[in-house]
Structure formats: C-alpha cells, structure tokens
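The file structure06.pdb contains PDB, C-alpha atoms, pLDDT in the B column:
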ATOM      1  CA  MET A   1      16.054 184.875 114.285  1.00 49.00           C
ATOM      2  CA  LYS A   2      15.316 187.567 111.719  1.00 51.00           C
ATOM      3  CA  TYR A   3      13.348 185.042 109.625  1.00 48.00           C
ATOM      4  CA  LEU A   4      10.999 184.143 112.461  1.00 45.00           C
ATOM      5  CA  PRO A   5       8.382 186.850 111.631  1.00 48.00           C
ATOM      6  CA  LEU A   6       8.467 185.827 107.960  1.00 46.00           C
ATOM      7  CA  LEU A   7       7.968 182.171 108.885  1.00 45.00           C
ATOM      8  CA  ALA A   8       5.087 183.088 111.190  1.00 47.00           C
ATOM      9  CA  ALA A   9       3.424 185.114 108.403  1.00 46.00           C
ATOM     10  CA  VAL A  10       3.773 182.246 105.909  1.00 45.00           C
ATOM     11  CA  LEU A  11       2.279 179.774 108.403  1.00 45.00           C
ATOM     12  CA  LEU A  12      -0.574 182.160 109.142  1.00 44.00           C
ATOM     13  CA  PHE A  13      -1.505 182.633 105.491  1.00 48.00           C
ATOM     14  CA  THR A  14      -1.203 178.954 104.591  1.00 49.00           C
ATOM     15  CA  GLY A  15      -3.245 178.029 107.654  1.00 54.00           C
ATOM     16  CA  CYS A  16      -6.066 180.326 106.522  1.00 55.00           C
ATOM     17  CA  ALA A  17      -6.180 179.023 102.956  1.00 54.00           C
ATOM     18  CA  LYS A  18      -8.981 176.547 102.266  1.00 74.00           C
ATOM     19  CA  SER A  19      -7.962 173.067 101.211  1.00 91.00           C
ATOM     20  CA  THR A  20      -9.016 171.706  97.843  1.00 89.00           C
ATOM     21  CA  GLU A  21     -11.342 169.269  99.614  1.00 93.00           C
ATOM     22  CA  LYS A  22     -12.998 172.033 101.641  1.00 95.00           C
ATOM     23  CA  LYS A  23     -13.453 174.104  98.459  1.00 94.00           C
ATOM     24  CA  ALA A  24     -15.123 171.093  96.804  1.00 95.00           C
ATOM     25  CA  GLU A  25     -17.508 170.696  99.749  1.00 95.00           C
ATOM     26  CA  LEU A  26     -18.391 174.395  99.654  1.00 95.00           C
ATOM     27  CA  ALA A  27     -18.944 174.260  95.876  1.00 96.00           C
ATOM     28  CA  VAL A  28     -21.380 171.341  96.266  1.00 96.00           C
ATOM     29  CA  GLN A  29     -23.202 173.144  99.075  1.00 95.00           C
ATOM     30  CA  GLU A  30     -23.595 176.265  96.922  1.00 94.00           C
ATOM     31  CA  PHE A  31     -24.737 174.110  93.975  1.00 95.00           C
ATOM     32  CA  LEU A  32     -27.429 172.497  96.132  1.00 92.00           C
ATOM     33  CA  ARG A  33     -28.579 175.731  97.731  1.00 90.00           C
ATOM     34  CA  THR A  34     -29.613 176.933  94.275  1.00 89.00           C
ATOM     35  CA  ARG A  35     -31.623 173.756  93.656  1.00 87.00           C
ATOM     36  CA  VAL A  36     -33.408 172.917  96.910  1.00 84.00           C
ATOM     37  CA  SER A  37     -36.885 174.215  97.711  1.00 78.00           C
ATOM     38  CA  ASP A  38     -35.581 176.906 100.078  1.00 83.00           C
ATOM     39  CA  PRO A  39     -31.853 177.546 100.678  1.00 86.00           C
ATOM     40  CA  ARG A  40     -32.565 178.250 104.359  1.00 88.00           C
ATOM     41  CA  HIS A  41     -33.884 174.697 104.722  1.00 87.00           C
ATOM     42  CA  TYR A  42     -30.841 172.929 103.272  1.00 90.00           C
ATOM     43  CA  PHE A  43     -28.954 171.106 106.004  1.00 91.00           C
ATOM     44  CA  PRO A  44     -25.679 169.541 104.835  1.00 92.00           C
ATOM     45  CA  GLY A  45     -24.763 166.109 106.138  1.00 93.00           C
ATOM     46  CA  LYS A  46     -21.691 164.014 105.509  1.00 94.00           C
ATOM     47  CA  PHE A  47     -19.226 164.359 102.660  1.00 96.00           C
ATOM     48  CA  ARG A  48     -17.067 161.614 101.197  1.00 95.00           C
ATOM     49  CA  LEU A  49     -14.447 162.699  98.693  1.00 96.00           C
ATOM     50  CA  GLN A  50     -12.127 160.884  96.348  1.00 95.00           C
ATOM     51  CA  PRO A  51     -10.047 161.812  93.302  1.00 95.00           C
ATOM     52  CA  TYR A  52     -11.874 161.762  89.974  1.00 95.00           C
ATOM     53  CA  THR A  53      -9.775 160.861  86.944  1.00 94.00           C
ATOM     54  CA  ARG A  54     -10.232 160.880  83.191  1.00 92.00           C
ATOM     55  CA  ARG A  55     -10.551 157.091  83.425  1.00 92.00           C
ATOM     56  CA  ASP A  56     -13.457 157.446  85.889  1.00 92.00           C
ATOM     57  CA  SER A  57     -15.129 159.900  83.525  1.00 92.00           C
ATOM     58  CA  LEU A  58     -14.780 157.585  80.512  1.00 91.00           C
ATOM     59  CA  LEU A  59     -16.144 154.621  82.484  1.00 91.00           C
ATOM     60  CA  TYR A  60     -19.113 156.735  83.631  1.00 93.00           C
ATOM     61  CA  LEU A  61     -19.816 157.820  80.038  1.00 93.00           C
ATOM     62  CA  ALA A  62     -19.562 154.195  78.872  1.00 91.00           C
ATOM     63  CA  GLN A  63     -22.199 153.159  81.431  1.00 92.00           C
ATOM     64  CA  LEU A  64     -24.517 155.964  80.313  1.00 91.00           C
ATOM     65  CA  ALA A  65     -24.017 154.958  76.681  1.00 93.00           C
ATOM     66  CA  GLN A  66     -24.911 151.358  77.501  1.00 91.00           C
ATOM     67  CA  ILE A  67     -28.019 152.431  79.432  1.00 90.00           C
ATOM     68  CA  ASN A  68     -29.151 154.641  76.536  1.00 91.00           C
ATOM     69  CA  ASN A  69     -28.179 152.179  73.777  1.00 90.00           C
ATOM     70  CA  ILE A  70     -25.801 154.584  72.057  1.00 91.00           C
ATOM     71  CA  ALA A  71     -22.215 154.258  70.937  1.00 89.00           C
ATOM     72  CA  ALA A  72     -19.733 154.156  73.790  1.00 83.00           C
ATOM     73  CA  PRO A  73     -16.805 156.569  74.056  1.00 84.00           C
ATOM     74  CA  PRO A  74     -13.311 155.180  73.559  1.00 83.00           C
ATOM     75  CA  ALA A  75     -12.143 152.784  76.263  1.00 82.00           C
ATOM     76  CA  PRO A  76      -9.851 154.342  78.855  1.00 81.00           C
ATOM     77  CA  ALA A  77      -6.132 153.900  78.320  1.00 82.00           C
ATOM     78  CA  ALA A  78      -3.453 153.378  80.933  1.00 79.00           C
ATOM     79  CA  ALA A  79      -2.495 157.043  80.554  1.00 80.00           C
ATOM     80  CA  ASP A  80      -5.986 158.229  81.535  1.00 83.00           C
ATOM     81  CA  THR A  81      -5.141 158.445  85.234  1.00 87.00           C
ATOM     82  CA  ALA A  82      -4.816 162.230  85.311  1.00 86.00           C
ATOM     83  CA  ARG A  83      -6.932 163.752  88.045  1.00 91.00           C
ATOM     84  CA  ILE A  84      -9.615 166.008  86.546  1.00 92.00           C
ATOM     85  CA  GLY A  85     -11.621 166.752  89.666  1.00 95.00           C
ATOM     86  CA  ILE A  86     -12.951 165.501  92.972  1.00 95.00           C
ATOM     87  CA  LEU A  87     -15.832 163.051  93.257  1.00 96.00           C
ATOM     88  CA  VAL A  88     -18.064 164.116  96.141  1.00 96.00           C
ATOM     89  CA  TYR A  89     -20.665 161.871  97.760  1.00 96.00           C
ATOM     90  CA  HIS A  90     -22.935 164.050  99.885  1.00 95.00           C
ATOM     91  CA  ASP A  91     -26.059 163.447 101.923  1.00 93.00           C
ATOM     92  CA  TYR A  92     -28.262 166.241 103.172  1.00 92.00           C
ATOM     93  CA  ARG A  93     -31.683 167.180 104.461  1.00 91.00           C
ATOM     94  CA  ASP A  94     -34.141 169.531 102.797  1.00 89.00           C
ATOM     95  CA  GLN A  95     -37.432 170.825 104.142  1.00 86.00           C
ATOM     96  CA  THR A  96     -40.239 171.501 101.678  1.00 81.00           C
ATOM     97  CA  SER A  97     -42.555 174.496 101.953  1.00 80.00           C
ATOM     98  CA  ASP A  98     -45.123 172.091 103.486  1.00 84.00           C
ATOM     99  CA  GLY A  99     -42.692 171.358 106.332  1.00 85.00           C
ATOM    100  CA  ILE A 100     -41.866 167.851 105.109  1.00 87.00           C
ATOM    101  CA  LEU A 101     -38.286 166.878 105.909  1.00 89.00           C
ATOM    102  CA  VAL A 102     -36.583 165.027 103.046  1.00 87.00           C
ATOM    103  CA  ARG A 103     -33.301 163.139 103.256  1.00 90.00           C
ATOM    104  CA  ASP A 104     -31.405 162.935  99.986  1.00 89.00           C
ATOM    105  CA  SER A 105     -27.939 162.331  98.647  1.00 91.00           C
ATOM    106  CA  GLY A 106     -26.040 162.816  95.454  1.00 93.00           C
ATOM    107  CA  GLU A 107     -22.806 162.290  93.606  1.00 95.00           C
ATOM    108  CA  TYR A 108     -21.041 165.301  92.167  1.00 96.00           C
ATOM    109  CA  VAL A 109     -17.806 166.029  90.362  1.00 96.00           C
ATOM    110  CA  VAL A 110     -16.119 169.289  91.251  1.00 96.00           C
ATOM    111  CA  ARG A 111     -13.685 170.444  88.567  1.00 95.00           C
ATOM    112  CA  PRO A 112     -10.514 172.407  89.454  1.00 93.00           C
ATOM    113  CA  ASN A 113     -12.234 175.626  88.298  1.00 93.00           C
ATOM    114  CA  GLY A 114     -15.047 175.037  90.840  1.00 93.00           C
ATOM    115  CA  GLU A 115     -17.651 173.859  88.322  1.00 95.00           C
ATOM    116  CA  VAL A 116     -19.989 171.250  89.827  1.00 96.00           C
ATOM    117  CA  ARG A 117     -21.585 168.463  87.809  1.00 95.00           C
ATOM    118  CA  LEU A 118     -24.307 166.201  89.109  1.00 94.00           C
ATOM    119  CA  LEU A 119     -23.801 162.520  88.295  1.00 94.00           C
ATOM    120  CA  ILE A 120     -26.406 159.790  88.126  1.00 91.00           C
ATOM    121  CA  ALA A 121     -25.880 157.797  91.309  1.00 88.00           C
ATOM    122  CA  GLU A 122     -23.914 154.572  91.000  1.00 88.00           C
ATOM    123  CA  SER A 123     -26.757 152.550  92.537  1.00 86.00           C
ATOM    124  CA  VAL A 124     -29.170 153.870  89.891  1.00 89.00           C
ATOM    125  CA  ARG A 125     -26.697 153.171  87.073  1.00 89.00           C
ATOM    126  CA  LYS A 126     -26.167 149.588  88.266  1.00 89.00           C
ATOM    127  CA  ARG A 127     -29.921 149.008  88.503  1.00 88.00           C
ATOM    128  CA  ARG A 128     -30.469 150.322  84.965  1.00 89.00           C
ATOM    129  CA  LEU A 129     -27.568 148.269  83.598  1.00 87.00           C
ATOM    130  CA  ALA A 130     -29.068 145.102  85.115  1.00 88.00           C
ATOM    131  CA  GLN A 131     -32.368 145.578  83.228  1.00 82.00           C
TER     132      GLN A 131
END
Rewrite the structure of this file - the entire thing - as structure tokens.
Amino acid sequence: MKYLPLLAAVLLFTGCAKSTEKKAELAVQEFLRTRVSDPRHYFPGKFRLQPYTRRDSLLYLAQLAQINNIAAPPAPAAADTARIGILVYHDYRDQTSDGILVRDSGEYVVRPNGEVRLLIAESVRKRRLAQ
C-alpha cells in the first residue's frame, strides 16, 4: 500500500513523456515550418513511420550513386540492420502568399538526436533509375 503513490507518480510521468514516434512527427513538422512559404499556412496531414536502418541508408545512397553515375558505397552487410532513425512519410498542405493551396508530401529521416534529413522520394528515384 505504501508503494501506491510511487507507482501513481511513475505512471503519471511515463504517460506524459512523448513517444519516439511522436517526437519524430514533431521534428518533421518543425523542419517543414521553417521551409514553407508561411508557417501559419502549414497544415500537417498524415504521417507514416517505419524504422530506418543502416542497410536502408546504404541502399538509398547506392540508388543516388547510380542516378548520378558515381561510385556506389559498399553493399550492405547482414550486420547493417541497426536502427539509425525513423523514416517518416508525411503529406501536408501549404498556402502560398497568393492564397493558392498546395498539397505536397515528403520522405524524411529523423535521427535519434532529432536531426531531420529530407530524402528524394522513392517514386522520383525509381523514375530516374528507369531512364
């Protein structure tokens, strides 16, 4: 019985902490607010998240190397499954200063330290690789 207040406090603090996924969504929103025409006219849409591994990063770099006709990085090894971030697919709306509403989307990697990196969309990479 004497541990009940301690348990309640622990549950309260853990319930208030933001999940890693929520932090990734907030990081992408902040990243976009600094890049849209007016931060007040950024309207976030859906988020889709998945783990991003070293293997994913090496495969992405290999595709970019092929598109740009440069030497590819080393091929991923079986051990390259360590998670290095969260891949975030996000769609949103932005309104220009002329009042034009624009729908857009992007792919971002959010590192554990909160750093956000914009990726070239998979659909664009596939199109360029097919040329």
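Of the listed residues A:Ser123, A:Asn113, A:Ser19, A:Gln95, the one whose atoms come nearest to Pro44 (chain A) is A:Gln95, with distances taken using all atoms listed in the file.
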List the spatial neighbours of Tyr52 (chain A) as number ranges by chain - criterion: any atom at most 8 Å away, only C-alpha atoms, same-chain residues fewer than 3 positions off excluded. A: 56-57, 83-87, 109
Write to file, as a PDB file, keeping the file's coordinate frame, the residues of the selection just made, with C-alpha atoms.
ATOM      1  CA  ASP A  56     -13.457 157.446  85.889  1.00 92.00           C
ATOM      2  CA  SER A  57     -15.129 159.900  83.525  1.00 92.00           C
ATOM      3  CA  ARG A  83      -6.932 163.752  88.045  1.00 91.00           C
ATOM      4  CA  ILE A  84      -9.615 166.008  86.546  1.00 92.00           C
ATOM      5  CA  GLY A  85     -11.621 166.752  89.666  1.00 95.00           C
ATOM      6  CA  ILE A  86     -12.951 165.501  92.972  1.00 95.00           C
ATOM      7  CA  LEU A  87     -15.832 163.051  93.257  1.00 96.00           C
ATOM      8  CA  VAL A 109     -17.806 166.029  90.362  1.00 96.00           C
TER       9      VAL A 109
END
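The result of the PyMOL selection byres ((chain A and resi 63-78) around 10) on the shown file is Arg54, Arg55, Asp56, Ser57, Leu58, Leu59, Tyr60, Leu61, Ala62, Ala79, Asp80, Thr81, Ala82, Ile120, Glu122, Arg125, Lys126, Arg127, Arg128, Leu129, Ala130 and Gln131 of chain A.
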Place a sphere of radius 12 Å on (-42.4, 173.8, 104.4) in the file coordinates and name every protein, DNA or RNA residue with an atom inside or on its surface, counting all atoms listed in the file; give the answer as number ranges by chain. A: 36-42, 94-102
Write out as JSON an axis-aligned box for region 45-56 of chain A: all of its atoms listed in the file, 4 Å added on each side, centre and edge lengths in Å with one decimal.
{"center_x": -17.3, "center_y": 161.6, "center_z": 94.7, "size_x": 23.0, "size_y": 17.0, "size_z": 30.9}
